[in-house]
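Just below is one structure, and these are the notes that go with it.
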Amino acid sequence: MERWGGRKIGHSKLALLIGISLFLLSTVLSVGCDKSEERPLHPGGEQGLADSGHPAYGDLLIQGSIGDASNLIPMLASDSASHGISGLIFNGLVKYDQDLNLVGDLAESWEVSKDGLTITFKLRQGVKWQDGIEFTADDVLFGFKTIINPNTRTAYAGDFKEVKEAQVVDRYTFRVTYKRPFAPGLSSWGSLVVLPRHLLEGKDINTTPFSRKPIGMGPYLFKEWKTGEKIVLQANPNYFEGHPYIDGFIYRIIPDPATMFLELKAGGLDYMGLTPLQYKRQTDTYQMRRDFRQYKFLAFAYTYLGYNLKDWKFQDRRVRQAITYAIDKEEIIAGVLLGLGLTATGPYKPDTQWYNPKVRKYPYDVEKAKKLLADAGWKDSGKNGLLKRDGKPFEFTILTNQGNELRAKCAEIIQRRLGMIGIKVKIRTVEWAAFINDFIDKKNFEAVILGWTLGQDPDIYDIWHSSKVGEKELNFISYQSQEVDALLEKGRYTFDSKVRKACYDRIQEILAEDQPYTFLFVPYALPIISARFQGIKPAPAGIDYNMPKWYVPKPQQRYVLKP
């Protein structure tokens, strides 16, 4: 989750990563949607010419992002930029198709035993790594052993530690047996695990140069990475699903959204995620309607204000409830998102089967907020209305990442609203890498504004279980609840969908009472793409799920990838 989240949907059951920005929701990762809206182009514009063309090889896709990647080994990355790029370089055994059905990727097929404990994968034959070495079951086993190695700095080992036995049956057959029924088992075999044994065996996965110069076998091959500037990929001519039509993919890092939009208009970019302001007010021109296609769909994501529960100020849930009552979420959606979002009440978006609409709600209510704070011992100090408890003023800093103007605006609204009830809030923005490494991983913060992207399986164990509070883990706010722990375990250790639904409904009720986050909103993803790109087919999986099939008709092609 932006740790928008995410990995390319379908390459893992888990796309819950602390994120970079709303822009990434609609870019390299395919965040899912249930209903997609395409804004039509001018009837006489480039669309008519492009649609009359035929699939052709060539051209480049240049995408803008406000944040750089950090690590291109999927099991070590926890940001959406890294997973988006690595999702084009690596493959998993399974993935989700355009309709969010689980299908084979490197696995040609699989069989699940009657008791649900054993999965036998039959792998594709003849698939080769970028250096020409054939992919085999040994690579899967090597990746599995790497991710469960206690020395590997990964947040994703938990799912694979549920495996009782993993074995290479033969060169193209891989089998796993679980200790007990494990609902996310099949979908977990996405892009996290498969690694080239012949290149990495005996190496320290945490420090290997492979993280910046990966060798994969996906639709695109790594070519170049200039930190803070760009990442360049080139089409894999030997990709097992066919040579991608687009010759190259260039991921340009442009920290300022306004500058990025100017680059788009000037032709320096083909693809970016729009801010709500750009979508609503800056793209309704003849040029934009002629030259671009815009899309809108509800993202599998939410934005939240999270509290460091080790901090004394936030350990009383009445305080957290009070802060939530004091924040006008509708004001944020109207003022920051310009209406392009929905109120969030928990860790599932409203149009999915796992959403519980009956949880406790927190409409804007200053009086309730003040009463809860008073009950928790916070009294008016008589000085500028600032609250104090035990002689200490109620003040804290909201931390978020640089370049995300939406989060910065959210912080400003929250700052103003909390000031009205006697809480002094400061705002600090930090460059992404430092934000994660120096603040989040070290729990060196009071409160943060971030987002999570969501996978198709409802399992949220890695974010909320009390065992996941260590460094580099995803429960970085240090939330602990014995009842939530038990429900998370029950939900993942059964195949009964009704039992799982009951578990996750109850978890949402508990989180709504505890308010370890103030769940703010579910945003709409707002990608915009040059009209010369054809083959884009909006679906429940978003728009990027079939990127290797996108093409530019020969008359519309602009660029050639340099050798």
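Chain lettering (A, B, ...) mirrors the order of the structure tokens, residue numbering begins at 1 for each chain separately, and ligand numbering begins at 1 in order of display.
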Can you list every residue of range 368-420 of chain A that has an atom at most 10 Å from range 59-73 of chain A, with its nearest atom pair and the distance in Å to one decimal, using only C-alpha atoms, ordered by chain then number, as CSV?
residue,atom,partner,partner_atom,distance
A:Asn401,CA,A:Gly67,CA,9.5
A:Gln402,CA,A:Ile66,CA,8.7
A:Gly403,CA,A:Ile66,CA,6.1
A:Asn404,CA,A:Ile66,CA,7.7
Give me every helix (DSSP H, G or I) residue in range 240-366 of chain A, going by DSSP on the backbone, as a PyMOL selection string.
chain A and resi 257-266+276-282+286-291+312-314+317-326+329-335+366
Hey, which of A:Arg318, A:Arg197, A:Lys95, A:Lys554 ends up closest to Glu108 in chain A? Count only C-alpha atoms.
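Nearest to Glu108 in chain A: A:Lys95.
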Could you list, as a list in words, every residue within 8 Å of range 203-217 of chain A, counting only C-alpha atoms and ignoring same-chain residues fewer than 5 positions away?
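Neighbouring residues, sequence-local ones excluded: Asn71, Leu72, Ile73, Leu76, Ile89, Phe90, Asn91, Val127, Lys128, Trp129, Gln130, Asp131, Thr146, Thr152, Arg153, Pro196, Phe222, Lys223, Glu224, Trp225, Asn236 and Tyr239 of chain A.
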Near-Pro527 in chain A list (6 Å; only C-alpha atoms; drop same-chain fewer than 5 positions) as number ranges by chain:
A: 26, 272-274, 294-295
How close does each residue of range 128-244 of chain A get to range 466-477 of chain A, giving the shortest atom pair and distance in Å to one decimal for every residue with an atom at most 10 Å away, counting only C-alpha atoms, sorted by chain and residue number, as JSON lines?
{"residue": "A:Arg153", "atom": "CA", "partner": "A:Lys472", "partner_atom": "CA", "distance": 7.0}
{"residue": "A:Thr154", "atom": "CA", "partner": "A:Lys472", "partner_atom": "CA", "distance": 6.9}
{"residue": "A:Ala155", "atom": "CA", "partner": "A:Glu473", "partner_atom": "CA", "distance": 4.9}
{"residue": "A:Tyr156", "atom": "CA", "partner": "A:Glu473", "partner_atom": "CA", "distance": 8.3}
{"residue": "A:Gly158", "atom": "CA", "partner": "A:Lys468", "partner_atom": "CA", "distance": 9.0}
Running DSSP on the backbone, which parts of range 232-381 of chain A land in strand (DSSP E), as a ChimeraX atom specification?
/A:232-235,248-253,271-273,292-298,301-307,341-343,379-380
Please produce an output containing C-alpha atoms for each residue in the selection, written as a PDB file, in the first residue's frame.
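Everything below was put into out_4.pdb:
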ATOM      1  CA  VAL A 232      15.252   2.480 -18.583  1.00  0.00           C
ATOM      2  CA  LEU A 233      13.931  -0.928 -19.630  1.00  0.00           C
ATOM      3  CA  GLN A 234      14.038  -2.556 -23.056  1.00  0.00           C
ATOM      4  CA  ALA A 235      11.685  -5.104 -24.569  1.00  0.00           C
ATOM      5  CA  GLY A 248      11.326   0.404 -24.369  1.00  0.00           C
ATOM      6  CA  PHE A 249       9.964   1.773 -21.127  1.00  0.00           C
ATOM      7  CA  ILE A 250      11.486   4.900 -19.549  1.00  0.00           C
ATOM      8  CA  TYR A 251      10.524   5.761 -15.989  1.00  0.00           C
ATOM      9  CA  ARG A 252      11.329   9.432 -15.403  1.00  0.00           C
ATOM     10  CA  ILE A 253      11.532  10.808 -11.870  1.00  0.00           C
ATOM     11  CA  TYR A 271       1.934   8.585 -19.207  1.00  0.00           C
ATOM     12  CA  MET A 272       1.346   9.853 -15.679  1.00  0.00           C
ATOM     13  CA  GLY A 273      -1.231   9.874 -12.952  1.00  0.00           C
ATOM     14  CA  PHE A 292      -4.471  11.981 -24.694  1.00  0.00           C
ATOM     15  CA  ARG A 293      -6.861   9.488 -23.179  1.00  0.00           C
ATOM     16  CA  GLN A 294      -7.876   9.838 -19.548  1.00  0.00           C
ATOM     17  CA  TYR A 295      -9.229   7.125 -17.267  1.00  0.00           C
ATOM     18  CA  LYS A 296     -10.906   7.132 -13.876  1.00  0.00           C
ATOM     19  CA  PHE A 297     -11.560   4.196 -11.563  1.00  0.00           C
ATOM     20  CA  LEU A 298     -11.785   3.588  -7.842  1.00  0.00           C
ATOM     21  CA  ALA A 301      -6.180   1.745  -2.002  1.00  0.00           C
ATOM     22  CA  TYR A 302      -6.790   4.085   0.866  1.00  0.00           C
ATOM     23  CA  THR A 303      -5.028   7.017   2.528  1.00  0.00           C
ATOM     24  CA  TYR A 304      -4.741   7.293   6.289  1.00  0.00           C
ATOM     25  CA  LEU A 305      -3.328   9.242   9.221  1.00  0.00           C
ATOM     26  CA  GLY A 306      -1.378   6.687  11.258  1.00  0.00           C
ATOM     27  CA  TYR A 307      -0.223   7.079  14.857  1.00  0.00           C
ATOM     28  CA  GLY A 341     -12.755   9.825  -3.707  1.00  0.00           C
ATOM     29  CA  LEU A 342     -14.873   8.117  -1.081  1.00  0.00           C
ATOM     30  CA  THR A 343     -14.724   8.197   2.704  1.00  0.00           C
ATOM     31  CA  LYS A 379      -7.502  20.047  29.776  1.00  0.00           C
ATOM     32  CA  ASP A 380      -7.499  23.565  28.412  1.00  0.00           C
TER      33      ASP A 380
END
In terms of the shortest atom-to-atom distance over only C-alpha atoms, which of A:Lys537, A:Arg171, A:Arg506, A:Lys383 is closest to Gly346 in chain A?
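Residue with the minimum atom-to-atom distance to Gly346 in chain A: A:Arg506.
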Could you pull the residues within 6 Å of range 320-329 of chain A, counting only C-alpha atoms, minus those fewer than 4 positions along the same chain, as a list in words?
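Listing them by chain and then by number gives Tyr362, Tyr364, Asp365, Val366, Ala369, Leu372, Gln515 and Thr518 of chain A.
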I'd like to know which of A:Tyr461, A:Trp110, A:Phe519, A:Tyr57 is closest to Gly242 in chain A, using only C-alpha atoms.
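Answer, going by the shortest atom-to-atom distance: A:Tyr57.
Of the residues under consideration (A:Arg281, A:His243, A:Arg389, A:His83), A:His83 shows the shortest atom-to-atom contact distance to Leu192 in chain A when counting only C-alpha atoms.
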A:Thr118, A:Gln125, A:Asn356, A:Asn149: which is nearest Val176 in chain A, counting only C-alpha atoms?
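Closest to Val176 in chain A, using only C-alpha atoms: A:Thr118.
In this model, the gap between CA of Ile528 in chain A and CA of Ala344 in chain A comes to 24.9 Å.
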Can you pull out the residues contacting Leu123 in chain A? Cut-off 6 Å, using only C-alpha atoms, and skip same-chain residues under 4 positions away; I want them as a list in words.
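Using only C-alpha atoms, the neighbours found are Leu106, Ala107, Glu108, Tyr172 and Thr173 of chain A.
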Take the residues that were just selected and, keeping N, CA, C and O atoms, output them as a JSON list (two decimals), in the first residue's frame.
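Just written: result-v4.json:
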[["chain", "number", "residue", "atom", "x", "y", "z"],
["A", 106, "LEU", "N", 4.48, -18.14, -14.73],
["A", 106, "LEU", "CA", 5.54, -19.11, -15.00],
["A", 106, "LEU", "C", 5.05, -20.54, -14.80],
["A", 106, "LEU", "O", 5.66, -21.48, -15.30],
["A", 107, "ALA", "N", 3.99, -20.69, -14.03],
["A", 107, "ALA", "CA", 3.37, -22.00, -13.89],
["A", 107, "ALA", "C", 2.39, -22.20, -15.03],
["A", 107, "ALA", "O", 1.50, -21.38, -15.25],
["A", 108, "GLU", "N", 2.56, -23.28, -15.76],
["A", 108, "GLU", "CA", 1.66, -23.61, -16.86],
["A", 108, "GLU", "C", 0.33, -24.08, -16.32],
["A", 108, "GLU", "O", -0.74, -23.81, -16.87],
["A", 172, "TYR", "N", 10.92, -29.27, -14.08],
["A", 172, "TYR", "CA", 9.80, -28.38, -14.38],
["A", 172, "TYR", "C", 8.60, -28.61, -13.46],
["A", 172, "TYR", "O", 7.48, -28.22, -13.81],
["A", 173, "THR", "N", 8.83, -29.17, -12.29],
["A", 173, "THR", "CA", 7.74, -29.40, -11.33],
["A", 173, "THR", "C", 8.19, -28.98, -9.94],
["A", 173, "THR", "O", 9.25, -29.41, -9.47]]
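For the choices A:Asp247, A:Ala447, A:Arg500, A:Phe521, the atom-to-atom distance to Pro563 in chain A is smallest for A:Asp247 when using only C-alpha atoms.
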Give me, as a list in words, all polymer residues having an atom no more than 8 Å from Ser191 in chain A, counting only C-alpha atoms and skipping those fewer than 2 positions away in the same chain.
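Within the cut-off, the hits are His11, Ser12, Pro74, Gly87, Phe90, Asn91, Gly92, Leu93, Trp189, Val193 and Val194 of chain A.
Here CA of Gly185 in chain A and CA of Tyr479 in chain A stand 24.8 Å from one another.
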Work out how far CA of Pro548 in chain A is from CA of Ser86 in chain A, in Å to one decimal.
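Going from CA of Ser86 in chain A over to CA of Pro548 in chain A, I get 14.3 Å.
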